[in-house]
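Engineer: The structure's right below; bear with me while I get my questions together.
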Amino acid sequence: MSIKVYYFASLKEHVGSSEHELDFTQSLKVKDVWFQANAELVLPKNTLAAINMDYVDWDSLVSDGDVVAFFPPVTGG
Amino acid sequence: MSIKVYYFASLKEHVGSSEHELDFTQSLKVKDVWFQANAELVLPKNTLAAINMDYVDWDSLVSDGDVVAFFPPVTGG
Amino acid sequence: MAIKITDQPFDPYQELQLYQNTQLDHLGAIGATSIFIGTMRDFNQGSQVTGMSIEHYPGMTEKQLELCVEKAQGLWSILDSLIVHRVGTITPNEVIVLIAVWSSHRGDAFDATRYIMEALKSTVPFWKKECIDTDAQRWVVSNTSGYQ
Amino acid sequence: MAIKITDQPFDPYQELQLYQNTQLDHLGAIGATSIFIGTMRDFNQGSQVTGMSIEHYPGMTEKQLELCVEKAQGLWSILDSLIVHRVGTITPNEVIVLIAVWSSHRGDAFDATRYIMEALKSTVPFWKKECIDTDAQRWVVSNTSGYQ
């Protein structure tokens, strides 16, 4: 199974990439996605997570084909 | 001494005139202005009064040359 | 700051463009513009309304509008403002009132616009007379509060 | 109801005219239009700001904006709405966001416009990066509340 992982704004700069592809074989939570994709990187405080463009909490499970996104607090408007 | 008295909107129709000239010789309150100018007319409830374009209460004294206005609650906007 | 009473139909967006292009100060400081436009509906209190006439008290109307703006300036941080109000004969869908407030911050702009609108409705000498579908005319007897 | 993300400068009044002339429904029922325009200032948090770029998450941005409008529709009586938001490179005095709400009554229009603006600021994936006068760039780290 595999998912796409997107990063935006300051988090994209922090990770040094705008996206990752991640393969996994067993049940995976959003917080595990971060640590599997970015093993050596601190997860910045206040980071937000979305699955398929909906906000989710860190214990949400991802499914095959999902798009997971990580980004800092939003500052539009 | 004399003042001008103006009436607006439904009060103008009630009075049947848009203005009166009123002469007086002794101290006069706004409420007296109404009764002197319109002796036989009921003063409609909620009528507002102004002297020289400022809202006043019914016990305010008028002076020579003042413009007194009577009108119903405002309904602009 | 500008206040305008007009007996001619006006396009509120054109008024705003014009004001902003020729009169507005503090350009770089403006972060928020809050605008309210009141339009004549074709119904009110259960009746079809076919037209309306608005009477005002020339002089006192302007004076009281200025007072509304001054009070808002005392309560919030306002950079500029524009008020335009129709008088005379009006047909449905035409604009009755335009209020715009420019500020650095949105909270001030929102609060001041709403305050000026409520103050206008309760203190500025305008009176509406509606033509209803039965060919009758009736004075609007009171304004309702916009803060529920 | 319309939602638009654009990387081009826009005149909010022209957008409103266009929308109102070609897309707006419920004409005779509209009594109140509340509009908010957010503009880029030339200062923020004590620094001169010379420019800004806004990043967004295409797809999620639109989805979350629709959610803001749906929530407002659940809370107030709204006849129509328009949201336009800039992305990309922006210079001071340019419009960042336009929100318009059309309603029968002014209370609904005021409340809904403000609600949508606050919801946008706290939930819709846009991120601002400012160019400050020292030639440095900095991400804006958080939005403040507009309800004081």
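Labels for the structure tokens follow display order: chains A, B, ..., residues from 1 in each chain, ligands from 1.
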Once you count only C-alpha atoms, which residues of chain C turn out to be within 12 Å of chain A? Could you give them as an mmCIF file with N, CA, C and O atoms, in the first residue's frame?

Structural biologist:
```cif
data_model
loop_
_atom_site.group_PDB
_atom_site.id
_atom_site.type_symbol
_atom_site.label_atom_id
_atom_site.label_comp_id
_atom_site.auth_asym_id
_atom_site.auth_seq_id
_atom_site.Cartn_x
_atom_site.Cartn_y
_atom_site.Cartn_z
ATOM 1 N N GLY C 31 -5.726 47.948 5.986
ATOM 2 C CA GLY C 31 -5.699 46.494 5.877
ATOM 3 C C GLY C 31 -7.094 45.919 5.717
ATOM 4 O O GLY C 31 -7.260 44.782 5.302
ATOM 5 N N ALA C 32 -8.105 46.721 6.081
ATOM 6 C CA ALA C 32 -9.464 46.199 6.129
ATOM 7 C C ALA C 32 -10.462 47.243 5.654
ATOM 8 O O ALA C 32 -10.407 48.397 6.066
ATOM 9 N N HIS C 105 -7.214 47.355 10.877
ATOM 10 C CA HIS C 105 -7.542 46.008 11.351
ATOM 11 C C HIS C 105 -9.016 45.696 11.156
ATOM 12 O O HIS C 105 -9.873 46.559 11.301
ATOM 13 N N ARG C 106 -9.302 44.457 10.862
ATOM 14 C CA ARG C 106 -10.664 44.091 10.460
ATOM 15 C C ARG C 106 -11.687 44.238 11.571
ATOM 16 O O ARG C 106 -12.841 44.568 11.306
#
```

Engineer: What lies within 6 Å of Val68 (chain B) using only C-alpha atoms, ignoring chain neighbours under 3 positions off, as a list in words?

Structural biologist: Val5, Ala50 and Ile51 of chain B

Engineer: Tell me, which residues of chain D carry DSSP alpha helix (DSSP H), written as a PyMOL selection string?

Structural biologist: chain D and resi 12-22+60-75+106-123

Engineer: Export N, CA and C atoms of the chosen residues as a short mmCIF file (atom, residue, chain, number, x, y, z; two decimals), in the first residue's frame?

Structural biologist:
```cif
data_model
loop_
_atom_site.label_atom_id
_atom_site.label_comp_id
_atom_site.auth_asym_id
_atom_site.auth_seq_id
_atom_site.Cartn_x
_atom_site.Cartn_y
_atom_site.Cartn_z
N PRO D 12 -11.81 44.73 -6.41
CA PRO D 12 -12.94 44.08 -5.73
C PRO D 12 -14.29 44.63 -6.18
N TYR D 13 -14.32 45.94 -6.52
CA TYR D 13 -15.59 46.55 -6.89
C TYR D 13 -16.04 46.07 -8.28
N GLN D 14 -15.05 45.85 -9.14
CA GLN D 14 -15.36 45.31 -10.46
C GLN D 14 -15.85 43.86 -10.33
N GLU D 15 -15.20 43.10 -9.47
CA GLU D 15 -15.64 41.72 -9.22
C GLU D 15 -17.08 41.70 -8.73
N LEU D 16 -17.40 42.63 -7.83
CA LEU D 16 -18.74 42.67 -7.26
C LEU D 16 -19.78 43.08 -8.30
N GLN D 17 -19.43 44.06 -9.10
CA GLN D 17 -20.33 44.50 -10.17
C GLN D 17 -20.63 43.35 -11.12
N LEU D 18 -19.57 42.69 -11.53
CA LEU D 18 -19.67 41.59 -12.48
C LEU D 18 -20.53 40.47 -11.90
N TYR D 19 -20.25 40.13 -10.66
CA TYR D 19 -21.00 39.03 -10.03
C TYR D 19 -22.47 39.40 -9.91
N GLN D 20 -22.68 40.63 -9.46
CA GLN D 20 -24.05 41.09 -9.23
C GLN D 20 -24.84 41.17 -10.55
N ASN D 21 -24.15 41.56 -11.61
CA ASN D 21 -24.83 41.72 -12.91
C ASN D 21 -25.10 40.40 -13.61
N THR D 22 -24.28 39.40 -13.34
CA THR D 22 -24.40 38.20 -14.16
C THR D 22 -24.79 36.95 -13.38
N MET D 60 -7.68 21.62 -1.49
CA MET D 60 -8.09 21.73 -0.09
C MET D 60 -8.55 23.15 0.22
N THR D 61 -7.90 24.12 -0.38
CA THR D 61 -8.28 25.52 -0.16
C THR D 61 -9.74 25.74 -0.55
N GLU D 62 -10.11 25.31 -1.74
CA GLU D 62 -11.49 25.47 -2.21
C GLU D 62 -12.47 24.69 -1.32
N LYS D 63 -12.06 23.45 -0.98
CA LYS D 63 -12.92 22.60 -0.16
C LYS D 63 -13.19 23.25 1.21
N GLN D 64 -12.15 23.81 1.80
CA GLN D 64 -12.33 24.42 3.12
C GLN D 64 -13.10 25.74 3.02
N LEU D 65 -12.92 26.47 1.94
CA LEU D 65 -13.72 27.69 1.74
C LEU D 65 -15.20 27.34 1.61
N GLU D 66 -15.48 26.30 0.86
CA GLU D 66 -16.89 25.86 0.73
C GLU D 66 -17.47 25.49 2.09
N LEU D 67 -16.66 24.85 2.90
CA LEU D 67 -17.08 24.46 4.25
C LEU D 67 -17.41 25.69 5.10
N CYS D 68 -16.57 26.73 4.98
CA CYS D 68 -16.83 27.99 5.70
C CYS D 68 -18.20 28.54 5.32
N VAL D 69 -18.48 28.55 4.02
CA VAL D 69 -19.75 29.10 3.54
C VAL D 69 -20.92 28.22 4.01
N GLU D 70 -20.75 26.91 3.91
CA GLU D 70 -21.81 25.99 4.37
C GLU D 70 -22.13 26.19 5.85
N LYS D 71 -21.10 26.34 6.64
CA LYS D 71 -21.33 26.56 8.07
C LYS D 71 -22.07 27.87 8.31
N ALA D 72 -21.68 28.90 7.58
CA ALA D 72 -22.37 30.20 7.71
C ALA D 72 -23.84 30.06 7.28
N GLN D 73 -24.07 29.30 6.22
CA GLN D 73 -25.45 29.08 5.75
C GLN D 73 -26.29 28.36 6.80
N GLY D 74 -25.63 27.51 7.58
CA GLY D 74 -26.34 26.81 8.64
C GLY D 74 -26.68 27.72 9.81
N LEU D 75 -25.94 28.79 9.95
CA LEU D 75 -26.13 29.67 11.10
C LEU D 75 -26.98 30.89 10.79
N ARG D 106 -29.97 42.77 7.51
CA ARG D 106 -28.59 43.18 7.70
C ARG D 106 -27.86 42.39 8.78
N GLY D 107 -28.58 41.97 9.82
CA GLY D 107 -27.92 41.20 10.89
C GLY D 107 -27.28 39.94 10.34
N ASP D 108 -28.01 39.22 9.51
CA ASP D 108 -27.49 38.00 8.90
C ASP D 108 -26.28 38.29 8.02
N ALA D 109 -26.38 39.35 7.22
CA ALA D 109 -25.29 39.68 6.30
C ALA D 109 -24.01 40.04 7.07
N PHE D 110 -24.16 40.88 8.09
CA PHE D 110 -23.00 41.28 8.91
C PHE D 110 -22.36 40.06 9.59
N ASP D 111 -23.20 39.30 10.28
CA ASP D 111 -22.68 38.17 11.06
C ASP D 111 -21.99 37.14 10.16
N ALA D 112 -22.64 36.83 9.03
CA ALA D 112 -22.10 35.79 8.16
C ALA D 112 -20.78 36.21 7.53
N THR D 113 -20.68 37.47 7.12
CA THR D 113 -19.44 37.96 6.50
C THR D 113 -18.29 37.84 7.49
N ARG D 114 -18.56 38.27 8.69
CA ARG D 114 -17.50 38.25 9.70
C ARG D 114 -17.12 36.81 10.07
N TYR D 115 -18.14 35.97 10.17
CA TYR D 115 -17.88 34.56 10.48
C TYR D 115 -17.02 33.92 9.40
N ILE D 116 -17.38 34.15 8.15
CA ILE D 116 -16.62 33.54 7.03
C ILE D 116 -15.18 34.02 7.06
N MET D 117 -15.00 35.32 7.33
CA MET D 117 -13.64 35.88 7.38
C MET D 117 -12.83 35.21 8.50
N GLU D 118 -13.41 35.07 9.69
CA GLU D 118 -12.68 34.45 10.80
C GLU D 118 -12.41 32.97 10.51
N ALA D 119 -13.40 32.29 9.93
CA ALA D 119 -13.23 30.87 9.60
C ALA D 119 -12.13 30.70 8.56
N LEU D 120 -12.13 31.58 7.56
CA LEU D 120 -11.08 31.55 6.53
C LEU D 120 -9.71 31.70 7.18
N LYS D 121 -9.59 32.68 8.05
CA LYS D 121 -8.29 32.97 8.68
C LYS D 121 -7.80 31.81 9.53
N SER D 122 -8.72 31.04 10.09
CA SER D 122 -8.25 30.00 11.00
C SER D 122 -8.26 28.59 10.39
N THR D 123 -8.93 28.40 9.25
CA THR D 123 -9.01 27.02 8.74
C THR D 123 -8.61 26.82 7.28
#
```

Engineer: Show which residues sit within 12 Å of Gly88 (chain D), as a compact mmCIF listing (two decimals) with C-alpha atoms, in the first residue's frame. Count only C-alpha atoms, and ignore same-chain residues fewer than 5 positions away.

Structural biologist:
```txt
# COMPACT_ATOMS: atom_id res chain seq x y z
CA GLY A 76 -4.60 33.65 4.83
CA ILE D 5 -8.67 31.72 -6.17
CA THR D 6 -6.59 33.97 -8.41
CA ASP D 7 -2.92 34.79 -8.91
CA GLN D 8 -3.81 38.06 -10.65
CA PRO D 9 -4.47 41.46 -9.02
CA GLY D 51 5.88 42.47 -0.75
CA MET D 52 4.33 39.15 0.06
CA SER D 53 3.75 35.79 -1.47
CA ILE D 54 0.81 33.60 -0.62
CA GLU D 55 1.02 29.85 -0.97
CA HIS D 56 -2.04 27.61 -0.89
CA TYR D 57 -3.02 23.96 -1.13
CA GLU D 94 -3.33 45.10 -3.41
CA ILE D 96 -5.80 39.85 -0.64
CA PHE D 126 -3.21 29.79 2.75
CA TRP D 127 0.23 30.83 4.01
CA LYS D 128 1.76 34.28 3.78
CA LYS D 129 5.46 34.95 3.43
CA GLU D 130 6.44 38.59 3.84
```

Engineer: Taking only C-alpha atoms into account and nothing else, which residues of chain C lie no more than 7 Å away from chain D? Please answer as a VMD selection string.

Structural biologist: chain C and resid 13 17 27 to 42 92 to 93 106 to 107 146 to 148

Engineer: Report the distance between CA of Tyr7 (chain A) and CA of Pro72 (chain A) in Å, rounded to one decimal place.

Structural biologist: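 Going from CA of Tyr7 (chain A) over to CA of Pro72 (chain A) covers 9.1 Å.
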
Engineer: Env of region 31-47 of chain B: 9 Å cut, atoms = only C-alpha atoms, seq-sep filter 5 positions within chain, self excluded. Answer as a list in words.

Structural biologist: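 In the requested form, the answer reads Val5, Leu11, His14, Val15, His20, Glu21, Leu22, Asp57, Trp58, Asp59, Ser60, Val62, Val68, Phe70, Phe71, Pro72 and Pro73 of chain B.
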
Engineer: Can I get the selection written as an mmCIF file, in the first residue's frame, with N, CA, C and O atoms?

Structural biologist:
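The resulting file, selection.cif, is shown below:
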```
data_model
loop_
_atom_site.group_PDB
_atom_site.id
_atom_site.type_symbol
_atom_site.label_atom_id
_atom_site.label_comp_id
_atom_site.auth_asym_id
_atom_site.auth_seq_id
_atom_site.Cartn_x
_atom_site.Cartn_y
_atom_site.Cartn_z
ATOM 1 N N VAL B 5 -41.109 76.513 13.271
ATOM 2 C CA VAL B 5 -41.432 75.137 13.646
ATOM 3 C C VAL B 5 -41.605 74.314 12.373
ATOM 4 O O VAL B 5 -42.374 74.694 11.495
ATOM 5 N N LEU B 11 -45.917 63.302 10.512
ATOM 6 C CA LEU B 11 -46.323 64.403 11.375
ATOM 7 C C LEU B 11 -46.715 65.633 10.553
ATOM 8 O O LEU B 11 -47.614 66.393 10.938
ATOM 9 N N HIS B 14 -50.144 64.901 9.557
ATOM 10 C CA HIS B 14 -51.005 65.019 10.737
ATOM 11 C C HIS B 14 -51.329 66.495 11.024
ATOM 12 O O HIS B 14 -52.484 66.871 11.258
ATOM 13 N N VAL B 15 -50.303 67.311 10.948
ATOM 14 C CA VAL B 15 -50.471 68.743 11.215
ATOM 15 C C VAL B 15 -51.125 69.446 10.010
ATOM 16 O O VAL B 15 -51.828 70.446 10.154
ATOM 17 N N HIS B 20 -44.564 76.249 10.687
ATOM 18 C CA HIS B 20 -45.276 77.345 11.325
ATOM 19 C C HIS B 20 -44.256 78.383 11.778
ATOM 20 O O HIS B 20 -43.092 78.053 12.034
ATOM 21 N N GLU B 21 -44.727 79.598 11.877
ATOM 22 C CA GLU B 21 -43.930 80.645 12.534
ATOM 23 C C GLU B 21 -44.630 80.876 13.872
ATOM 24 O O GLU B 21 -45.873 80.930 13.914
ATOM 25 N N LEU B 22 -43.880 80.976 14.960
ATOM 26 C CA LEU B 22 -44.538 81.119 16.263
ATOM 27 C C LEU B 22 -43.906 82.275 17.039
ATOM 28 O O LEU B 22 -42.685 82.319 17.220
ATOM 29 N N ASP B 57 -34.933 67.136 24.632
ATOM 30 C CA ASP B 57 -36.096 66.574 25.306
ATOM 31 C C ASP B 57 -37.178 67.646 25.431
ATOM 32 O O ASP B 57 -36.962 68.819 25.110
ATOM 33 N N TRP B 58 -38.349 67.211 25.896
ATOM 34 C CA TRP B 58 -39.533 68.056 25.820
ATOM 35 C C TRP B 58 -39.516 69.236 26.786
ATOM 36 O O TRP B 58 -40.323 70.149 26.669
ATOM 37 N N ASP B 59 -38.604 69.227 27.734
ATOM 38 C CA ASP B 59 -38.518 70.340 28.676
ATOM 39 C C ASP B 59 -37.454 71.369 28.291
ATOM 40 O O ASP B 59 -37.246 72.347 29.008
ATOM 41 N N SER B 60 -36.786 71.145 27.173
ATOM 42 C CA SER B 60 -35.767 72.113 26.735
ATOM 43 C C SER B 60 -36.416 73.455 26.414
ATOM 44 O O SER B 60 -37.519 73.510 25.873
ATOM 45 N N VAL B 62 -36.694 77.008 24.402
ATOM 46 C CA VAL B 62 -36.353 77.553 23.088
ATOM 47 C C VAL B 62 -35.977 79.030 23.232
ATOM 48 O O VAL B 62 -36.410 79.710 24.167
ATOM 49 N N VAL B 68 -37.314 74.819 15.614
ATOM 50 C CA VAL B 68 -37.775 73.623 16.316
ATOM 51 C C VAL B 68 -38.381 72.670 15.295
ATOM 52 O O VAL B 68 -39.082 73.116 14.383
ATOM 53 N N PHE B 70 -40.417 68.834 14.722
ATOM 54 C CA PHE B 70 -41.119 67.670 15.264
ATOM 55 C C PHE B 70 -41.228 66.612 14.170
ATOM 56 O O PHE B 70 -41.560 66.936 13.014
ATOM 57 N N PHE B 71 -40.957 65.375 14.539
ATOM 58 C CA PHE B 71 -41.067 64.305 13.532
ATOM 59 C C PHE B 71 -41.216 62.943 14.201
ATOM 60 O O PHE B 71 -40.901 62.776 15.378
ATOM 61 N N PRO B 72 -41.707 61.959 13.425
ATOM 62 C CA PRO B 72 -41.877 60.606 13.965
ATOM 63 C C PRO B 72 -40.529 59.894 14.058
ATOM 64 O O PRO B 72 -39.534 60.402 13.526
ATOM 65 N N PRO B 73 -40.488 58.700 14.698
ATOM 66 C CA PRO B 73 -39.246 57.923 14.732
ATOM 67 C C PRO B 73 -38.672 57.779 13.331
ATOM 68 O O PRO B 73 -39.432 57.631 12.367
#
```

Engineer: Would you give me, as a list in words, the residues in chain A that DSSP reads as strand (DSSP E)?

Structural biologist: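 Residues of chain A classed as strand (DSSP E): Ser2, Ile3, Lys4, Val5, Tyr6, Tyr7, Glu19, His20, Glu21, Leu22, Asp23, Leu28, Lys29, Leu48, Ala49, Ala50, Ile51, Asp54, Tyr55, Val56, Leu61, Val62, Val67, Val68, Ala69, Phe70 and Phe71 of chain A.
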